[in-house]
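Trainee: There's a structure below that I have some questions on.
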Amino acid sequence: MFEQLGLIGCGLMGGSFALALKRAGLVKRVVGYSKSPSTTERARQLGVIDIAAPSALLAVSGADLVLLAVPVAATETTFKAIRHLLNPDMLIMDVGSTKRDVVDAARRALKQDVGLFVPCHPVTGREVSGVEHADADLYAGKRLIVTPIERTRLSKIDQADAVWRAIGCDVAHMSPEQHDAAFAAISHLPHMLAFALMNSIAGQADGEAFLSLAGPGFRDFSRIAASDPQVWRDVLVANREEIGTQLAHFQQALAELQQRIDAGQTDELERLINRASVARAHWRPMPGSR
């Protein structure tokens, strides 16, 4: 059991982690901080945290477990704010959707203490944000990716694995580079496409009328377009190189479909559609995916 969780970022992800730890009996006390004092106070009122801290530094004072649940662009600033109170007994983790930028920020800001930090990405979330939506079940049955670097202490990796498994996660390991390449393809590019699709329709004169006719297929395809704008702004910029690579693959595949349509090549068009259909039919989501 941990004596104190220092929670930096009391929104959906951080709040859900705190609730899950509490329910599992893994932490005695949660001290939380958010950039917005009203968010921190709301988290206290809801019982997500026990004590509201006035700063990130004071949130980690006395903590033996620290979780950063902030936008990835704020990672380095947050590390710099807390580094003066770090000690060798602490386990520090994050929940960012990109990892190379996060570990680079950790190297720069934490310096000799970077070994205390275990980069993590829980593959879960919702289209709603805010501590009001925090849920102790958010992580149950979900995949958790750990992306250690060469200086990450093995004891801290083992400790992080145990924490996430204790709240129901299926834990896997990969390098930060492997992580960002994979998630550019299966998460970041799909979000980008969903944003573009909604904007392309909404920007047309008849867009509202078109959307009124949309059914379940459109609902399923466009669901992720309702995601948190600040979070996804930072993710897309942070992983722009890998997203650019995946976008090139997508544009090539889209152009091939367009060529077959323009040329009226129905057999070739059917072949391309069938290839996609078979790939989708054989795909199985990871445990706990929504």
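Residues in the structure tokens are named by chain (A, B, ... in the order shown) and by number from 1 within that chain; ligands are numbered from 1 in the order shown.
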Might you pull out every residue within 8 Å of Gly130 (chain A), with only C-alpha atoms counted and same-chain residues fewer than 4 positions away left off, and present them as a short mmCIF file (atom, residue, chain, number, x, y, z; two decimals) with N, CA and C atoms, in the first residue's frame?
Mentor:
data_model
loop_
_atom_site.label_atom_id
_atom_site.label_comp_id
_atom_site.auth_asym_id
_atom_site.auth_seq_id
_atom_site.Cartn_x
_atom_site.Cartn_y
_atom_site.Cartn_z
N CYS A 10 -6.42 16.60 -11.96
CA CYS A 10 -7.56 15.92 -11.32
C CYS A 10 -8.75 15.79 -12.27
N GLY A 11 -8.47 15.47 -13.53
CA GLY A 11 -9.53 15.30 -14.51
C GLY A 11 -10.01 13.86 -14.60
N LEU A 12 -10.47 13.48 -15.78
CA LEU A 12 -11.00 12.13 -15.99
C LEU A 12 -9.97 11.05 -15.69
N ALA A 134 -14.99 11.07 -13.59
CA ALA A 134 -14.03 10.09 -13.07
C ALA A 134 -14.75 8.82 -12.64
#
Trainee: At a cut-off of 8 Å, using only C-alpha atoms, what residues contact Arg83 (chain A)? Leave out same-chain residues fewer than 6 positions from it and give the result as a ChimeraX atom specification.
Mentor: /A:57,109-110
Trainee: Put those residues in a file: all heavy atoms, as a PDB file, in the first residue's frame.
Mentor:
ATOM      1  N   LEU A  57       4.099  21.173  -6.674  1.00  0.00           N
ATOM      2  CA  LEU A  57       5.180  20.827  -5.751  1.00  0.00           C
ATOM      3  C   LEU A  57       4.621  20.329  -4.421  1.00  0.00           C
ATOM      4  O   LEU A  57       5.079  19.310  -3.884  1.00  0.00           O
ATOM      5  CB  LEU A  57       6.078  22.040  -5.523  1.00  0.00           C
ATOM      6  CG  LEU A  57       7.280  21.819  -4.603  1.00  0.00           C
ATOM      7  CD1 LEU A  57       8.247  20.814  -5.204  1.00  0.00           C
ATOM      8  CD2 LEU A  57       7.995  23.142  -4.327  1.00  0.00           C
ATOM      9  N   ALA A 109      14.304  17.401 -17.643  1.00  0.00           N
ATOM     10  CA  ALA A 109      13.868  18.036 -16.393  1.00  0.00           C
ATOM     11  C   ALA A 109      14.324  17.288 -15.147  1.00  0.00           C
ATOM     12  O   ALA A 109      14.689  17.906 -14.150  1.00  0.00           O
ATOM     13  CB  ALA A 109      12.345  18.175 -16.386  1.00  0.00           C
ATOM     14  N   LEU A 110      14.289  15.954 -15.187  1.00  0.00           N
ATOM     15  CA  LEU A 110      14.584  15.179 -13.985  1.00  0.00           C
ATOM     16  C   LEU A 110      16.061  14.845 -13.832  1.00  0.00           C
ATOM     17  O   LEU A 110      16.512  14.534 -12.725  1.00  0.00           O
ATOM     18  CB  LEU A 110      13.761  13.886 -13.996  1.00  0.00           C
ATOM     19  CG  LEU A 110      12.244  14.059 -14.016  1.00  0.00           C
ATOM     20  CD1 LEU A 110      11.558  12.703 -13.920  1.00  0.00           C
ATOM     21  CD2 LEU A 110      11.772  14.976 -12.894  1.00  0.00           C
TER      22      LEU A 110
END
Trainee: Figure out the distance between CA of Ala105 (chain A) and CA of Gln159 (chain A), please, to one decimal in Å.
Mentor: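 Rounded to one decimal, the two atoms are 21.8 Å apart.
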Trainee: Which of region 148-235 of chain A counts as alpha helix (DSSP H) under DSSP, as a PyMOL selection string please?
Mentor: chain A and resi 154-166+176-183+189-202+207-212+216-222+229-235
Trainee: Do you know which residues are at most 9 Å from Phe117 (chain A) counting only C-alpha atoms, after dropping those on the same chain fewer than 2 positions away, and could you put them as a list in words?
Mentor: Met90, Leu91, Ile92, Met93, Asp94, Val103, Ala106, Leu110, Asp113, Val114, Gly115, Pro119, Pro148, Thr152, Arg153, Lys156 and Ile157 of chain A
Trainee: List the neighbours of Ala73 (chain A) out to 9 Å using only C-alpha atoms; skip same-chain residues closer than 5 positions along the sequence, and give me the result as a PyMOL selection string.
Mentor: chain A and resi 101-102+231+234-235+238
Trainee: In Å to one decimal, how far is CA of Met174 (chain A) from CA of Val146 (chain A)?
Mentor: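 According to the coordinates, CA of Val146 (chain A) and CA of Met174 (chain A) are separated by 6.5 Å.
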Trainee: For Val70 (chain A), list every protein, DNA or RNA residue within 8 Å, evaluated using only C-alpha atoms, and leave out those in the same chain fewer than 4 positions away; present the list as a list in words.
Mentor: Ile8, Gly9, Ala74, Thr75, Val95 and Gly96 of chain A
Trainee: At a cut-off of 12 Å, using only C-alpha atoms, what residues contact Gly168 (chain A)? Leave out same-chain residues fewer than 4 positions from it and give the result as a compact mmCIF listing (two decimals) with C-alpha atoms, in the first residue's frame.
Mentor:
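Okay, this is what ended up in result_32.txt:
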# COMPACT_ATOMS: atom_id res chain seq x y z
CA PHE A 17 -6.82 6.44 -11.19
CA ALA A 20 -9.41 2.93 -8.56
CA LEU A 21 -6.53 2.99 -6.07
CA ARG A 23 -11.32 1.14 -4.09
CA ALA A 24 -8.49 -1.41 -4.26
CA PRO A 122 -3.44 3.44 -20.38
CA ALA A 136 -13.04 3.72 -10.69
CA ASP A 137 -13.79 1.23 -13.50
CA LEU A 138 -12.16 3.27 -16.27
CA TYR A 139 -8.98 1.18 -16.22
CA ALA A 140 -10.48 -2.22 -15.41
CA GLY A 141 -9.76 -4.72 -18.17
CA LYS A 142 -7.87 -2.18 -20.30
CA ARG A 143 -4.43 -2.41 -21.88
CA LEU A 144 -1.65 -0.45 -20.17
CA ASP A 161 3.39 -3.05 -13.36
CA ALA A 162 2.01 -4.21 -10.02
CA VAL A 163 0.01 -1.01 -9.47
CA TRP A 164 -1.70 -1.12 -12.84
CA PRO A 287 -8.87 -6.75 -24.03
CA GLY A 288 -11.22 -4.14 -22.65
Trainee: Please, what distance in Å, to one decimal, runs between CA of Leu189 (chain A) and CA of Thr98 (chain A)?
Mentor: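 Atom-to-atom, CA of Leu189 (chain A) and CA of Thr98 (chain A) are spaced 12.8 Å apart.
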Trainee: A:Val118, A:Ala194, A:Met13, A:Leu211: which is nearest Pro71 (chain A), counting only C-alpha atoms?
Mentor: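 Checking each of A:Val118, A:Ala194, A:Met13, A:Leu211 against Pro71 (chain A), counting only C-alpha atoms, the winner is A:Met13.
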Trainee: Using DSSP on the backbone coordinates, identify the residues of region 47-240 of chain A assigned to strand (DSSP E); present them as a list in words.
Mentor: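 Checking each residue of region 47-240 of chain A, the strand (DSSP E) ones are Ile51, Ala52, Leu65, Val66, Leu67, Leu68, Leu91, Ile92, Met93, Asp94, Phe117, Val118, Cys120, His121, Pro122, Arg143, Leu144, Ile145, Val146, Asp170, Val171, Ala172 and His173 of chain A.
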Trainee: Given the choices A:Leu7, A:Ala279, A:Leu269, A:Ile243, which gets closest to Ala255 (chain A) if the distance is worked out from only C-alpha atoms?
Mentor: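 Among the listed residues, the smallest separation from Ala255 (chain A) belongs to A:Leu269.
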